[in-house]
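Input: a single structure, listed below in structure tokens.
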Amino acid sequence: MRKAIALLLVAFICIAGAAAGGSGESGSGDTYKIGFIGPLTGDNANYGIRCSNAAKLAISEINAAGGIDGKQLELIAEDSEGTVDKALAAYEKLAYMDEVCAIIGPVFTSPALAVAQRCQEDGIVMISPSATHKDVTAQPATNPDGLNYVFRTVPSDALQSDVAGHYFYEVLGYRKLASLYAMNDYSQGLALGMKETFESLGGEVVAEETCMVGDKDFRTQLTQIKAAAPEAIYIPNYTVEDAQILEQAAQLGINVRFLSSDGFSDPEIYNLAPDFTDGVIYVGPAQAEASTILSDFQAAYAEMYNGDAPDSFATNSYDATYIIAGALDRAGSADTTAIRNEVAATKDFQGANGTMNFAPNGDLVASQGVYEVDGTTPVYIGSFQIVDNHIVQVD
Amino acid sequence: MSTLTLYMQYIVNGLTLGAIYSLIALGYTMVYGILKFINFAHGDILMVGAFIGLLVYTALTGDASPSAWTLTAFFISMLVSMVACAILGMLIERVAYKPLRNANRLAPLLSAIGVSFILSNGAAWIFGTQSRRFPYPFENEPMHIGSISITPHQIVVIAVSVIMMVLLTFFVNKTRMGKAMRATSLDQPTSQLMGINVNRVISLTFAIGSALAAVGGILAAFDFRVYPSMGTMTGLKAFVAAVIGGIGNIQGAMIGGVLLGILEAVGAPLLHIPNGMKDTVAFAVLIIVLLVKPDGILGKNEREKI
């Protein structure tokens, strides 16, 4: 009896583990395999699931239209749980077992930094739809040919934090800001970048508070920020943390404006903290010119995934998939160097995000959008670029 | 804002967090007191409690705005969740721990970790991994005393916790069943010889501990949101609270929980280190307490009988 129960427990755990791990079976010789790495379970699964959904949608569209040179595309999605360890394990499976011809992802910055190094070393194209840290595309090309294999369809933080600092100082007229950011590469990169720009213009960050991803109580930090009396508070974090920060700030009687980053563009924030998002201003991806590609994508996505709306990262993931498909088409083979050369040669790609080009280091050439939340609806203010150390609205 | 009010605010916030830790720590400490075993599935029971509470509450109220009815519905869902978790706790004990009672001490521990995985993965499977918001059943406008702000939620958390702890203390010290519980924790074989139904006492211990975890889970849900892995870190911290207070000692768990909550809120600013390190401060204190007083603050310093 005892043994039977023990065996039963072990069996349960194995089943649970297998279910959580997901499965990717290798395809036949008639397919081009594309890998995806992102958090598909855990607290931040919302980002990874939407990105992989968008890539799946793109692939099903391409396959329905006859595939690439008669070959079908296959997406093998691996779960990173948002962690470096799991992302590297996923990379090893995709690169060495499935032998994918390119990788979309990783979704988060820290895993992307780790996987980018491996992609540079092994010579496999990686396009992240969402990892914004400036160092993601700054990994040395350690492959024998010295070619850059790392790209992204999301603007670099260097641009985002620069526009944020200028916008807060020049347009909103703030001189004293506070920041509360999670100690991870993404949030820290943005907060420190914004501070550098903001202080170089003459402003001051009067309180700089940190937290850990997964923290639930921010009252100590917010109390310190309240005591420093800033004009506004910059919270460049993911939605779960931002939701609690906004709510607890209201409970502590903090009524200054909150400023955020592209993490805020995930609509999940309006499910988690619907009463506290009004008035938040965030810098995020520039809105694409209203194109039929974008509206078609949004409609197809909503239809395929029960009315769910894609966030900006999912849009980037959709474009990344089409960029890889285009490169495969032009390369005409699964040779990773040929694919890399064609991705790098992408010129004026017309995607859901509008016209896209890559800089030589793999960064997206882009401007940044600014949004202000009205109740639970983000309202687009415009897109901005930095010209001669001043902010300029481009549309 | 003066430094004094600043620290008063930290303490108010820490007290709320600590009250929740205390409630959960009670479950660890009661089970340990009787079985000398750490029930690592306890944290996941609080998650189940929060989910049941949320489901019952939304079924009763839909998306209604706060009123007297939502407050009633909140307490109804808390009761339902307590009963359900009490049954779940007894069931887990029956199936996963009781058969291992005389086995190697590692066996029930591993069994508990297995149960913990089954509960959290099961919840992820049924409910998905997204965080869900527990709507406030009352208007949660903060009240200001000077420049310290307190929310009705914080008052409810502290009030409910105090009531639960008073009831538990009364039960353990003044009732026959409580006496049986204390006897069992002192000496199990002798209690059995005196006619105490030890199996019933153990079942009851799990039931009470799990019901308290359900309350803790629901109270935590407002701040933490409800998601399948919510029990892991909260459970670990409550376990630390139980150890700081002296595991096996009910008053110790209450003190340990409140202490840990306050330390978390005050520790980092007091030492002028980044707030991202606040858990480090809390766990460093655990190590110091263990070094100075290995049995915890109220733990009995008793030698192993030979």
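Going by the structure tokens order, chains are called A, B, ..., each with residues numbered from 1, while ligands are numbered from 1 in the order shown.
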
Quick one: everything within 9 Å of Leu147 (chain A), counting only C-alpha atoms, minus sequence neighbours fewer than 2 positions away in the same chain. Send it as an NGL selection string. :A and (120 or 123 or 141-145 or 149 or 337 or 340-341)

Restricting the output to N, CA and C atoms, write the selected residues as an mmCIF file, in the first residue's frame.
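Contents of the output file part.cif:
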```cif
data_model
loop_
_atom_site.group_PDB
_atom_site.id
_atom_site.type_symbol
_atom_site.label_atom_id
_atom_site.label_comp_id
_atom_site.auth_asym_id
_atom_site.auth_seq_id
_atom_site.Cartn_x
_atom_site.Cartn_y
_atom_site.Cartn_z
ATOM 1 N N GLN A 120 25.688 33.924 -31.228
ATOM 2 C CA GLN A 120 26.858 34.506 -31.889
ATOM 3 C C GLN A 120 27.936 33.437 -32.061
ATOM 4 N N GLY A 123 26.574 30.647 -34.532
ATOM 5 C CA GLY A 123 26.151 31.119 -35.842
ATOM 6 C C GLY A 123 24.723 30.759 -36.182
ATOM 7 N N ALA A 141 30.743 39.039 -31.887
ATOM 8 C CA ALA A 141 30.508 37.960 -32.842
ATOM 9 C C ALA A 141 31.659 36.971 -32.727
ATOM 10 N N THR A 142 31.438 35.901 -31.960
ATOM 11 C CA THR A 142 32.515 34.955 -31.663
ATOM 12 C C THR A 142 32.564 33.800 -32.652
ATOM 13 N N ASN A 143 31.688 33.830 -33.675
ATOM 14 C CA ASN A 143 31.726 32.754 -34.666
ATOM 15 C C ASN A 143 32.929 32.948 -35.589
ATOM 16 N N PRO A 144 33.373 31.892 -36.290
ATOM 17 C CA PRO A 144 34.608 31.971 -37.094
ATOM 18 C C PRO A 144 34.568 33.091 -38.137
ATOM 19 N N ASP A 145 33.373 33.388 -38.678
ATOM 20 C CA ASP A 145 33.306 34.408 -39.720
ATOM 21 C C ASP A 145 33.204 35.826 -39.158
ATOM 22 N N TYR A 149 24.896 37.753 -35.611
ATOM 23 C CA TYR A 149 23.734 36.896 -35.780
ATOM 24 C C TYR A 149 22.534 37.334 -34.933
ATOM 25 N N THR A 337 24.312 30.494 -42.310
ATOM 26 C CA THR A 337 25.035 31.701 -42.720
ATOM 27 C C THR A 337 24.261 32.432 -43.816
ATOM 28 N N ARG A 340 21.386 34.180 -42.233
ATOM 29 C CA ARG A 340 21.867 35.371 -41.526
ATOM 30 C C ARG A 340 22.105 36.522 -42.505
ATOM 31 N N ASN A 341 22.751 36.225 -43.633
ATOM 32 C CA ASN A 341 23.046 37.273 -44.602
ATOM 33 C C ASN A 341 21.761 37.886 -45.152
#
```

Using only C-alpha atoms, what does the table of chain B residues within 8 Å of chain A look like, with each row giving the shortest atom pair and its distance in Å to one decimal, sorted by chain and ascending number, as CSV?
```
residue,atom,partner,partner_atom,distance
B:Met1,CA,A:Ala227,CA,5.5
B:Leu6,CA,A:Thr223,CA,6.9
B:Gln9,CA,A:Thr223,CA,7.3
B:Tyr10,CA,A:Thr220,CA,5.9
B:Asn13,CA,A:Arg219,CA,6.7
B:Val95,CA,A:Ile5,CA,7.9
B:Ala96,CA,A:Ile5,CA,7.6
B:Pro99,CA,A:Arg2,CA,6.2
B:Leu100,CA,A:Arg2,CA,7.4
B:Ser111,CA,A:Ala6,CA,7.7
B:Gly114,CA,A:Leu9,CA,6.6
B:Val115,CA,A:Leu9,CA,7.8
B:Phe117,CA,A:Ile13,CA,6.9
B:Ile118,CA,A:Ile13,CA,6.6
B:Asn121,CA,A:Ala16,CA,6.3
B:Gly122,CA,A:Ala16,CA,7.8
B:Thr129,CA,A:Gly42,CA,5.6
B:Gln130,CA,A:Asp43,CA,6.2
B:Ser131,CA,A:Asp43,CA,6.8
B:Arg132,CA,A:Leu272,CA,6.8
B:Arg133,CA,A:Leu272,CA,5.6
B:Asn140,CA,A:Gln251,CA,7.8
B:Glu141,CA,A:Gln251,CA,6.9
B:Pro142,CA,A:Gln251,CA,5.3
B:Ile148,CA,A:Leu252,CA,7.8
B:Ser149,CA,A:Leu252,CA,5.4
B:Ile150,CA,A:Leu252,CA,7.3
B:Thr151,CA,A:Gln251,CA,6.3
B:Asp223,CA,A:Lys216,CA,6.6
B:Phe224,CA,A:Lys216,CA,5.4
B:Tyr227,CA,A:Asp43,CA,7.9
B:Ser229,CA,A:Gly42,CA,7.9
B:Ala265,CA,A:Thr220,CA,5.6
B:Val266,CA,A:Thr220,CA,7.4
B:Pro269,CA,A:Thr220,CA,7.9
B:Pro274,CA,A:Thr210,CA,6.1
B:Asn275,CA,A:Thr210,CA,5.4
B:Gly276,CA,A:Cys211,CA,3.7
B:Met277,CA,A:Cys211,CA,7.4
```

Identify, on the basis of only C-alpha atoms, every residue whose closest approach to Thr83 (chain A) does not exceed 10 Å; exclude the query and any residue fewer than 2 positions from it along the same chain; express the result as number ranges by chain. A: 38-39, 79-81, 85-88, 106, 108-112

Can you spit out the residues from that selection as a PDB file, in the first residue's frame, using C-alpha atoms?
```pdb
ATOM      1  CA  GLY A  38       9.948  32.565 -24.135  1.00  0.00           C
ATOM      2  CA  PRO A  39       8.093  32.207 -20.835  1.00  0.00           C
ATOM      3  CA  ASP A  79       9.438  27.367 -22.330  1.00  0.00           C
ATOM      4  CA  SER A  80      12.067  29.566 -20.634  1.00  0.00           C
ATOM      5  CA  GLU A  81       9.877  30.448 -17.626  1.00  0.00           C
ATOM      6  CA  ASP A  85      18.864  28.546 -16.972  1.00  0.00           C
ATOM      7  CA  LYS A  86      15.717  27.349 -18.675  1.00  0.00           C
ATOM      8  CA  ALA A  87      16.346  29.570 -21.710  1.00  0.00           C
ATOM      9  CA  LEU A  88      19.815  28.077 -22.188  1.00  0.00           C
ATOM     10  CA  PRO A 106      14.060  35.007 -25.954  1.00  0.00           C
ATOM     11  CA  PHE A 108      13.019  38.706 -21.650  1.00  0.00           C
ATOM     12  CA  THR A 109      16.271  40.602 -21.487  1.00  0.00           C
ATOM     13  CA  SER A 110      18.321  38.408 -19.125  1.00  0.00           C
ATOM     14  CA  PRO A 111      17.687  35.174 -21.046  1.00  0.00           C
ATOM     15  CA  ALA A 112      18.184  37.078 -24.310  1.00  0.00           C
TER      16      ALA A 112
END
```

Work out how far CA of Ala286 (chain A) is from CA of Pro378 (chain A), in Å to one decimal. 12.9 Å

Run DSSP on the backbone and tell me which residues of region 178-394 of chain A come out as helix (DSSP H, G or I); list them as a PyMOL selection string. chain A and resi 185-201+219-228+239-251+262-265+269-272+292-304+312-331+336-344

Check the DSSP output for the backbone and give back, as JSON, numbers by chain, the residues of region 112-311 of chain A in strand (DSSP E). {"A": [125, 126, 127, 128, 150, 151, 152, 176, 177, 178, 179, 180, 181, 182, 204, 205, 206, 207, 208, 209, 210, 211, 232, 233, 234, 257, 258, 259, 260, 281, 282, 283, 284, 285]}

Save out the residues we just selected, N, CA and C atoms, as a compact mmCIF listing (two decimals), in the first residue's frame.
```txt
# COMPACT_ATOMS: atom_id res chain seq x y z
N VAL A 125 20.81 32.51 -36.34
CA VAL A 125 20.11 33.79 -36.27
C VAL A 125 19.14 33.80 -35.09
N MET A 126 19.22 34.89 -34.31
CA MET A 126 18.26 35.08 -33.22
C MET A 126 17.60 36.43 -33.45
N ILE A 127 16.28 36.46 -33.42
CA ILE A 127 15.57 37.74 -33.48
C ILE A 127 14.67 37.83 -32.25
N SER A 128 14.99 38.74 -31.35
CA SER A 128 14.14 38.90 -30.17
C SER A 128 13.05 39.91 -30.47
N VAL A 150 22.70 38.41 -34.17
CA VAL A 150 21.64 38.78 -33.22
C VAL A 150 20.91 40.04 -33.70
N PHE A 151 19.60 39.91 -33.82
CA PHE A 151 18.77 41.02 -34.29
C PHE A 151 17.62 41.20 -33.32
N ARG A 152 16.93 42.32 -33.47
CA ARG A 152 15.68 42.44 -32.70
C ARG A 152 14.70 43.32 -33.45
N LYS A 176 12.19 66.95 -10.78
CA LYS A 176 12.50 66.00 -9.68
C LYS A 176 11.70 64.72 -9.89
N LEU A 177 12.38 63.65 -10.20
CA LEU A 177 11.71 62.37 -10.41
C LEU A 177 12.18 61.36 -9.37
N ALA A 178 11.34 60.35 -9.13
CA ALA A 178 11.78 59.19 -8.35
C ALA A 178 11.66 57.98 -9.26
N SER A 179 12.42 56.93 -8.97
CA SER A 179 12.23 55.71 -9.74
C SER A 179 12.14 54.52 -8.80
N LEU A 180 11.37 53.54 -9.20
CA LEU A 180 11.24 52.28 -8.44
C LEU A 180 11.33 51.16 -9.46
N TYR A 181 12.44 50.44 -9.44
CA TYR A 181 12.62 49.44 -10.49
C TYR A 181 13.10 48.12 -9.93
N ALA A 182 12.75 47.04 -10.65
CA ALA A 182 13.16 45.70 -10.26
C ALA A 182 14.63 45.50 -10.62
N GLU A 204 16.82 66.00 -11.62
CA GLU A 204 17.41 65.23 -10.53
C GLU A 204 16.49 64.05 -10.19
N VAL A 205 17.10 62.87 -10.01
CA VAL A 205 16.33 61.73 -9.52
C VAL A 205 16.50 61.71 -8.01
N VAL A 206 15.44 62.12 -7.28
CA VAL A 206 15.57 62.36 -5.84
C VAL A 206 15.44 61.09 -5.02
N ALA A 207 14.83 60.06 -5.57
CA ALA A 207 14.76 58.79 -4.84
C ALA A 207 14.85 57.67 -5.85
N GLU A 208 15.74 56.73 -5.57
CA GLU A 208 15.95 55.63 -6.50
C GLU A 208 15.79 54.35 -5.70
N GLU A 209 14.64 53.71 -5.85
CA GLU A 209 14.35 52.54 -5.03
C GLU A 209 14.33 51.28 -5.89
N THR A 210 14.69 50.16 -5.26
CA THR A 210 14.75 48.91 -6.01
C THR A 210 13.85 47.86 -5.37
N CYS A 211 13.51 46.86 -6.16
CA CYS A 211 12.77 45.71 -5.63
C CYS A 211 13.25 44.48 -6.40
N ALA A 232 7.07 63.15 -10.12
CA ALA A 232 6.50 61.98 -10.77
C ALA A 232 7.39 60.78 -10.47
N ILE A 233 6.85 59.57 -10.69
CA ILE A 233 7.59 58.35 -10.34
C ILE A 233 7.70 57.46 -11.57
N TYR A 234 8.93 57.06 -11.88
CA TYR A 234 9.19 56.24 -13.06
C TYR A 234 9.26 54.78 -12.65
N ARG A 257 2.04 61.71 -10.63
CA ARG A 257 1.89 60.92 -11.85
C ARG A 257 2.91 59.78 -11.90
N PHE A 258 2.49 58.65 -12.47
CA PHE A 258 3.41 57.54 -12.70
C PHE A 258 3.81 57.49 -14.17
N LEU A 259 5.09 57.19 -14.40
CA LEU A 259 5.65 57.10 -15.74
C LEU A 259 6.17 55.68 -15.91
N SER A 260 6.02 55.12 -17.10
CA SER A 260 6.48 53.76 -17.25
C SER A 260 7.10 53.53 -18.63
N ILE A 281 1.70 57.80 -17.91
CA ILE A 281 2.30 58.08 -19.22
C ILE A 281 3.43 57.09 -19.44
N TYR A 282 3.45 56.41 -20.57
CA TYR A 282 4.56 55.50 -20.80
C TYR A 282 5.15 55.66 -22.19
N VAL A 283 6.46 55.40 -22.25
CA VAL A 283 7.18 55.44 -23.51
C VAL A 283 7.25 54.01 -24.01
N GLY A 284 6.84 53.79 -25.22
CA GLY A 284 6.84 52.43 -25.74
C GLY A 284 7.12 52.46 -27.22
N PRO A 285 6.74 51.40 -27.88
CA PRO A 285 6.99 51.32 -29.31
C PRO A 285 6.19 52.40 -30.04
```

Using CA of Ile250 (chain B) and CA of Leu186 (chain B) as the two end points, give the distance in Å to one decimal.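 Interatomic distance here is 13.7 Å.
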
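Counting only C-alpha atoms, the residue from B:Ala159, B:Ala107, B:Val80, B:Leu71 that sits nearest to Glu139 (chain B) is B:Leu71.
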
Neighbouring residues of Tyr47 (chain A) were defined as those with any atom within 8 Å, considering only C-alpha atoms; residues of the same chain fewer than 4 positions away were excluded. Please report them as a ChimeraX atom specification. /A:38-39,51,107,266,313-314

With only C-alpha atoms as the counted atoms, please give the residues lying no more than 10 Å from Phe358 (chain A), apart from itself and same-chain residues fewer than 5 positions off, as a PyMOL selection string. chain A and resi 151-153+343-349+363-366

Export of prior selection with C-alpha atoms as a short mmCIF file (atom, residue, chain, number, x, y, z; two decimals), in the first residue's frame:
```cif
data_model
loop_
_atom_site.label_atom_id
_atom_site.label_comp_id
_atom_site.auth_asym_id
_atom_site.auth_seq_id
_atom_site.Cartn_x
_atom_site.Cartn_y
_atom_site.Cartn_z
CA PHE A 151 18.77 41.02 -34.29
CA ARG A 152 15.68 42.44 -32.70
CA THR A 153 12.36 43.80 -33.88
CA VAL A 343 18.10 38.71 -42.53
CA ALA A 344 20.83 41.37 -42.37
CA ALA A 345 20.02 42.38 -45.96
CA THR A 346 16.33 42.94 -45.09
CA LYS A 347 15.47 46.30 -46.61
CA ASP A 348 12.30 48.31 -46.03
CA PHE A 349 10.42 45.26 -44.80
CA ASP A 363 19.19 46.93 -33.79
CA LEU A 364 15.92 48.13 -35.22
CA VAL A 365 16.01 51.62 -36.76
CA ALA A 366 13.12 53.27 -34.94
#
```

Minimum-distance residue to Ile45 (chain B), chosen among B:Ser210, B:Ser67, B:Gln251, B:Asn197 (using only C-alpha atoms):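 Comparing B:Ser210, B:Ser67, B:Gln251, B:Asn197 against Ile45 (chain B), the winner is B:Ser210.
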
Closest of A:Asp335, A:Glu342, A:Asp374, A:Glu99 to Lys33 (chain A) - atom-to-atom distances counting only C-alpha atoms: A:Glu99

Near region 32-41 of chain B, within 6 Å and counting only C-alpha atoms, which residues show up once chain neighbours fewer than 4 positions away are dropped, as a VMD selection string? chain B and resid 112 to 113 115 to 116 185 248

List as an mmCIF file with N, CA and C atoms, in the first residue's frame the protein and nucleic acid residues near Ser317 (chain A), meaning an atom at most 9 Å away when only C-alpha atoms are counted, but skip any in the same chain fewer than 2 places from it.
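Result file is around-v5.cif:
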```
data_model
loop_
_atom_site.group_PDB
_atom_site.id
_atom_site.type_symbol
_atom_site.label_atom_id
_atom_site.label_comp_id
_atom_site.auth_asym_id
_atom_site.auth_seq_id
_atom_site.Cartn_x
_atom_site.Cartn_y
_atom_site.Cartn_z
ATOM 1 N N ARG A 50 1.699 35.290 -25.785
ATOM 2 C CA ARG A 50 1.248 36.152 -26.882
ATOM 3 C C ARG A 50 2.279 36.163 -28.015
ATOM 4 N N CYS A 51 3.582 36.205 -27.651
ATOM 5 C CA CYS A 51 4.610 36.227 -28.697
ATOM 6 C C CYS A 51 4.614 34.922 -29.489
ATOM 7 N N SER A 52 4.514 33.781 -28.796
ATOM 8 C CA SER A 52 4.550 32.513 -29.526
ATOM 9 C C SER A 52 3.269 32.347 -30.345
ATOM 10 N N ASN A 53 2.141 32.832 -29.809
ATOM 11 C CA ASN A 53 0.896 32.793 -30.572
ATOM 12 C C ASN A 53 1.035 33.553 -31.886
ATOM 13 N N ALA A 54 1.659 34.753 -31.801
ATOM 14 C CA ALA A 54 1.792 35.582 -33.002
ATOM 15 C C ALA A 54 2.687 34.885 -34.022
ATOM 16 N N ALA A 55 3.782 34.253 -33.542
ATOM 17 C CA ALA A 55 4.678 33.541 -34.454
ATOM 18 C C ALA A 55 3.944 32.361 -35.092
ATOM 19 N N ALA A 58 1.693 33.660 -37.824
ATOM 20 C CA ALA A 58 2.433 33.992 -39.043
ATOM 21 C C ALA A 58 2.764 32.713 -39.808
ATOM 22 N N ILE A 104 13.337 32.702 -32.687
ATOM 23 C CA ILE A 104 12.617 33.909 -32.297
ATOM 24 C C ILE A 104 12.625 33.945 -30.775
ATOM 25 N N GLY A 105 13.040 35.071 -30.205
ATOM 26 C CA GLY A 105 13.134 35.160 -28.752
ATOM 27 C C GLY A 105 14.577 35.356 -28.352
ATOM 28 N N ILE A 127 16.276 36.458 -33.417
ATOM 29 C CA ILE A 127 15.566 37.738 -33.482
ATOM 30 C C ILE A 127 14.675 37.830 -32.251
ATOM 31 N N SER A 128 14.994 38.743 -31.346
ATOM 32 C CA SER A 128 14.144 38.896 -30.167
ATOM 33 C C SER A 128 13.052 39.913 -30.470
ATOM 34 N N PRO A 129 11.800 39.590 -30.118
ATOM 35 C CA PRO A 129 10.716 40.540 -30.351
ATOM 36 C C PRO A 129 10.571 41.548 -29.224
ATOM 37 N N SER A 130 11.357 41.400 -28.142
ATOM 38 C CA SER A 130 11.013 42.170 -26.949
ATOM 39 C C SER A 130 12.172 42.475 -26.011
ATOM 40 N N THR A 153 13.409 43.005 -33.239
ATOM 41 C CA THR A 153 12.360 43.796 -33.880
ATOM 42 C C THR A 153 11.717 44.717 -32.855
ATOM 43 N N SER A 312 2.306 44.762 -28.101
ATOM 44 C CA SER A 312 3.278 45.229 -29.096
ATOM 45 C C SER A 312 4.360 44.175 -29.328
ATOM 46 N N PHE A 313 4.704 43.408 -28.275
ATOM 47 C CA PHE A 313 5.748 42.394 -28.443
ATOM 48 C C PHE A 313 5.269 41.299 -29.392
ATOM 49 N N ALA A 314 3.976 40.951 -29.289
ATOM 50 C CA ALA A 314 3.421 39.931 -30.178
ATOM 51 C C ALA A 314 3.480 40.426 -31.622
ATOM 52 N N THR A 315 3.206 41.726 -31.803
ATOM 53 C CA THR A 315 3.303 42.312 -33.144
ATOM 54 C C THR A 315 4.738 42.180 -33.660
ATOM 55 N N ASP A 319 6.219 40.064 -36.945
ATOM 56 C CA ASP A 319 7.122 40.604 -37.974
ATOM 57 C C ASP A 319 8.409 39.797 -38.051
ATOM 58 N N ALA A 320 8.950 39.407 -36.893
ATOM 59 C CA ALA A 320 10.202 38.637 -36.872
ATOM 60 C C ALA A 320 10.024 37.337 -37.654
ATOM 61 N N THR A 321 8.865 36.696 -37.488
ATOM 62 C CA THR A 321 8.610 35.439 -38.187
ATOM 63 C C THR A 321 8.610 35.662 -39.698
ATOM 64 N N TYR A 322 7.959 36.740 -40.132
ATOM 65 C CA TYR A 322 7.927 37.027 -41.571
ATOM 66 C C TYR A 322 9.309 37.409 -42.097
#
```

Which residue of A:Ser333, A:Ser261, A:Ser200, A:Thr377 approaches Ser187 (chain A) most closely, using only C-alpha atoms: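 Among the listed residues, the smallest separation from Ser187 (chain A) belongs to A:Ser261.
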